[in-house]
Amino acid sequence: MEFKQTTLDNGLTVIGEVNPAAASMAAGFFVRTGSRDETPEEAGVSHFLEHMMFKGTARRSAFDVNRDFDEMGASYNAFTSEENTVYYAAVLPEYQDGVVDLLGDMLRPALRQEDFDVEKNVILDEIARYEDTPSYRVYEKAMAQFFAGHPLANSVLGTSESISALRREQMLDYFNRRYSPTNVTVVGVGHFDFDQFVAKVARMCSHWQPYDAPRDVRPAPGRRARNVVTDPKVLREHIVLMSPAPPGQDRARYAAQLVGAVVGDSTGSRLFYALIDPAIADEAHMSYDLLDGSGAFITFLSTDAERSSEAIEIAQAEMKKFQDDGPTEAELQAAKNKIASGSTLKGELPMGRLTAVGFDWVYRKEYVPLGEQIDTLFAVSGEDVWNVARQYDLTASAMLALGPVEKL
Amino acid sequence: MSEQFYTKQLPNGLTLLGQRMEQVSSASMALLVPAGSAYDPPGTEGAAAVAAEWCVRGAGPYDTRQLNDALDALGCQHDENAQSEHISFSTAQLGRNLEKVLEILSEVIRHPHLDERGFLPARGLILQDLASLEDEPARKCNVLLRERFYPMPLGRCVYGKVESLASMQCDDVRRCVRRTFTPSQSILAVAGNIDWNAFCDAAERAFASWPSQTVEAPQPQPAEGGVLHVAKDSAQVHIALACPSVTLSDPRYYAARMAVTVLSGGGGSRLFTEVREKRGLVYHVSTRYHSLKDHAGLFTYAASVPAKARETLQVTVGELRRLSEGIEDSEMARARTQLKSALIMQGESTSARASSLASDWYHLGRLRSLKELSDAIDAVTVDDILAYLRDCPPRDFTFLFIGPEAPDVSGL
């Protein structure tokens, strides 16, 4: 395993973790942009633009883009979050040039009006799909509530109104504000030749003109609101609890990850024994969500309507108990072992390694080999973990519930 | 590079399968026990799903908490769930912890406590799983489609029914477990950083005294088929349809897989191009191949806003039918590359390999090498696919719709 890094003259950074023992490679273009970088008038444009990148360039039609991926046998896609937009593909090593040619070309899209109009319908259908998915709706509403007044509250999909009203010129303007080469990291992992990778990236991307692409990174407040959204069409009660957590740049993120695992992992955690084991909820897990300059502990619960207030009380009591007493040594060891073997399993696949290596760079401009990360994790003490819970106040949680219940 | 496969059968009939993978430190296991929901006796539908939950609530020397904590302490990711023909137990951990996890897994299989205290919560979770389907119409649509497409009880919803779960007693599930947890039709596969001999020794210690018995296969009734509309005030109309295909052991299997890949393999496939890219009708449309031991089907799913449901259905079915009119060489070449790349990339994952080994053995009674798969894919011609489509034409669909209204299926 060897790490490589270089920066092109226009500020585009290229990094790679080369593993000659792998059977495949994965490449990704990580753009530091998402819904938090949108104005209210352009809500949903980051995600819509991500779709438009697949609709063709000056030299490729939309069909050409898809066909070229398929011809390489690529496993490919893209995703947009509050603060990242990532385009990626996993291919066999012989296609390393081809995949950079395609991804690099795509990121300077044609944005043709007729493609824009057709794709708008796809986005509206995707919004309709999420309207039928309460577990997504409750997450979006909880984010909006917790981060109210901060750009992190922005919806990734936007609304059917904002998307319907969006014009191509607004998307172009957003693109010209956010897709500077200085705001993009190209990542390769697995079995590939790094020098050849850089040369190909340079051929595709050297002409991209750099400019400033600033982001509002003031700390998010984390509001302790409590709201119930009643929807009789939803059968079960879907609940999100959120509380503040260390920002993605903070070294306390390792301890925060352990807080999440001890309190809310899907097996063997405090919430598991308190809620899943006795079947009070069929879903109860907490995790640490690492954000740019912010962070949050997010807990998801799904319960029968009549047991929802009981489930919330139990979850909050468990958080308080953890904050009062900290983790036991056995819990801490188990959590470390689970995280370590989970990262190892994920790291055995180039696709799994891609996001880990990419986000380490995007958030912290660092590369840490997996073995070293596991060593750091094992060095975290129970005291460190307990401190994070106390310092960020795990009990100060906001609550949002969506479902048939009228009052909680 | 040829794979390092191993097979061994214990005297009681338990099949052990292994693949040693260099360059990984993990090892994954897949254990299939012939206790799937198709074996649930009438009136106790959902028993297999309850059994899968209940088995891990104390076994051998461990109570519930000790069992979970022991697996957690070994960094083991585990999952127990009922499928149609099996209960599947899968675990993933570092190779050095494999034998310790196997020891715990054997207690779960051989000596589950199945005590009363654990029963109500196990059943309660399955009731909640069943209720959760209501908030996931896309998943519900596919569950109901499978139920009506496959001969009863093979496609039955594994969670059973509210009534069958409500009346289910401890002894109903205990009887199922006693009857179906047997080594002779069980398969234990392992892939990754393994020492095969040490694994076999551990498996023998754990399972050699497991007594064997034969589980009688369920007698399937004709499939219900037809059209079902489940009315729901949802934002989308969820559209699912299925038509018969050949099973995994059939010589035409690879032609079927190639047909599905041309139709729905990637962004350049016909369904994605015609339904989503050109017309913007949907966010999601796909066709997937699925096989049980003796029955198989092509399952298509799409969802659109109600005003576009009819057009979505028509264009989708049109593309399924248009396959019979011929396939271009470039489409064949793409489909081959896609299928072969996917195989190589899945070959890097220990858990994907463990479940493939178990599946190969169940369906074929042998393991397929990467070369065999790759050669078989290369050998498929356009004529093979057209012949397959003549044998299994995309018609006589079973339809399932969830939404405010159902599109008209006349003429389809």
# chains A, B, ... in the order shown; residues from 1 in each chain; ligands from 1

call {"tool": "closest_atom_pairs", "arguments": {"of": "chain A", "to": "chain B", "cutoff": "7 Å", "atoms": "only C-alpha atoms", "output": "tab-separated table"}}
result
residue	atom	partner	partner_atom	distance
A:Ala21	CA	B:Gln23	CA	6.7
A:Ser24	CA	B:Met345	CA	6.5
A:Phe63	CA	B:Gly268	CA	6.3
A:Asn66	CA	B:Gly268	CA	4.6
A:Arg67	CA	B:Gly268	CA	4.6
A:Asp70	CA	B:Arg334	CA	5.8
A:Glu71	CA	B:Arg334	CA	4.8
A:Met72	CA	B:Thr337	CA	6.7
A:Gly73	CA	B:Gln338	CA	3.8
A:Ala74	CA	B:Gln338	CA	6.9
A:Leu92	CA	B:Ser341	CA	6.7
A:Val118	CA	B:Gly280	CA	5.1
A:Glu119	CA	B:Gly280	CA	5.9
A:Asn121	CA	B:Gly280	CA	5.5
A:Val122	CA	B:Tyr283	CA	5.1
A:Asp125	CA	B:Tyr283	CA	5.8
A:Glu126	CA	B:Tyr283	CA	5.4
A:Ala128	CA	B:Ala235	CA	5.3
A:Arg129	CA	B:Gln236	CA	6.3
A:Glu131	CA	B:Ala235	CA	6.5
A:Asp132	CA	B:Ser234	CA	6.1
A:Thr133	CA	B:Glu136	CA	6.1
A:Pro134	CA	B:Asp135	CA	6.5
A:Val234	CA	B:Asp135	CA	6.2
A:Leu235	CA	B:Asp135	CA	6.3
A:Arg236	CA	B:Ser132	CA	6.8
A:Gly268	CA	B:Asn68	CA	5.7
A:Asp277	CA	B:Pro121	CA	6.8
A:Pro278	CA	B:Pro121	CA	5.2
A:Ala279	CA	B:Pro121	CA	4.9
A:Asp282	CA	B:Leu125	CA	5.8
A:Gln333	CA	B:Ala73	CA	6.7
A:Ala334	CA	B:Ala73	CA	4.2
A:Asn337	CA	B:Gly75	CA	4.4
A:Lys338	CA	B:Gly75	CA	3.9
A:Ser341	CA	B:Gly75	CA	5.7
A:Leu345	CA	B:Ser26	CA	6.3
A:Glu348	CA	B:Val24	CA	6.5
A:Leu349	CA	B:Glu348	CA	6.2

call {"tool": "residues_around", "arguments": {"residues": "Thr287 in chain B", "least_positions_apart": "3", "cutoff": "10 Å", "atoms": "only C-alpha atoms", "output": "list in words"}}
result
Ala240, Leu241, Ala242, Val260, Thr261, Leu263, Ser264, Gly265, Leu271, His290, Leu298, Phe299, Thr300, Tyr301, Ala302, Thr316 and Leu320 of chain B

call {"tool": "select_by_dssp", "arguments": {"residues": "range 161-231 of chain B", "states": "strand (DSSP E)", "output": "compact mmCIF listing (two decimals) with C-alpha atoms, in the first residue's frame"}}
result
# COMPACT_ATOMS: atom_id res chain seq x y z
CA ILE B 187 -24.36 -25.84 3.83
CA LEU B 188 -21.57 -24.01 5.66
CA ALA B 189 -19.33 -21.89 3.41
CA VAL B 190 -16.30 -19.85 4.39
CA ALA B 191 -14.16 -17.47 2.31
CA GLY B 192 -11.16 -15.31 3.04
CA VAL B 227 -53.18 -8.43 -11.35
CA LEU B 228 -53.38 -6.95 -7.88
CA HIS B 229 -53.82 -3.28 -7.05
CA VAL B 230 -53.25 -2.24 -3.45
CA ALA B 231 -54.84 1.19 -3.05

call {"tool": "select_by_dssp", "arguments": {"residues": "range 77-252 of chain A", "states": "alpha helix (DSSP H)", "output": "JSON, numbers by chain"}}
result
{"A": [96, 97, 98, 99, 100, 101, 102, 103, 104, 105, 106, 113, 114, 115, 116, 117, 118, 119, 120, 121, 122, 123, 124, 125, 126, 127, 128, 129, 130, 131, 134, 135, 136, 137, 138, 139, 140, 141, 142, 143, 144, 145, 146, 160, 161, 162, 163, 164, 165, 168, 169, 170, 171, 172, 173, 174, 175, 176, 177, 178, 194, 195, 196, 197, 198, 199, 200, 201, 202, 203, 204, 205]}

call {"tool": "residues_around", "arguments": {"residues": "Ser35 in chain A", "least_positions_apart": "6", "cutoff": "12 Å", "atoms": "only C-alpha atoms", "output": "number ranges by chain"}}
result
A: 41-50, 79-85, 140, 143-144, 150-158, 174, 178, 215-216
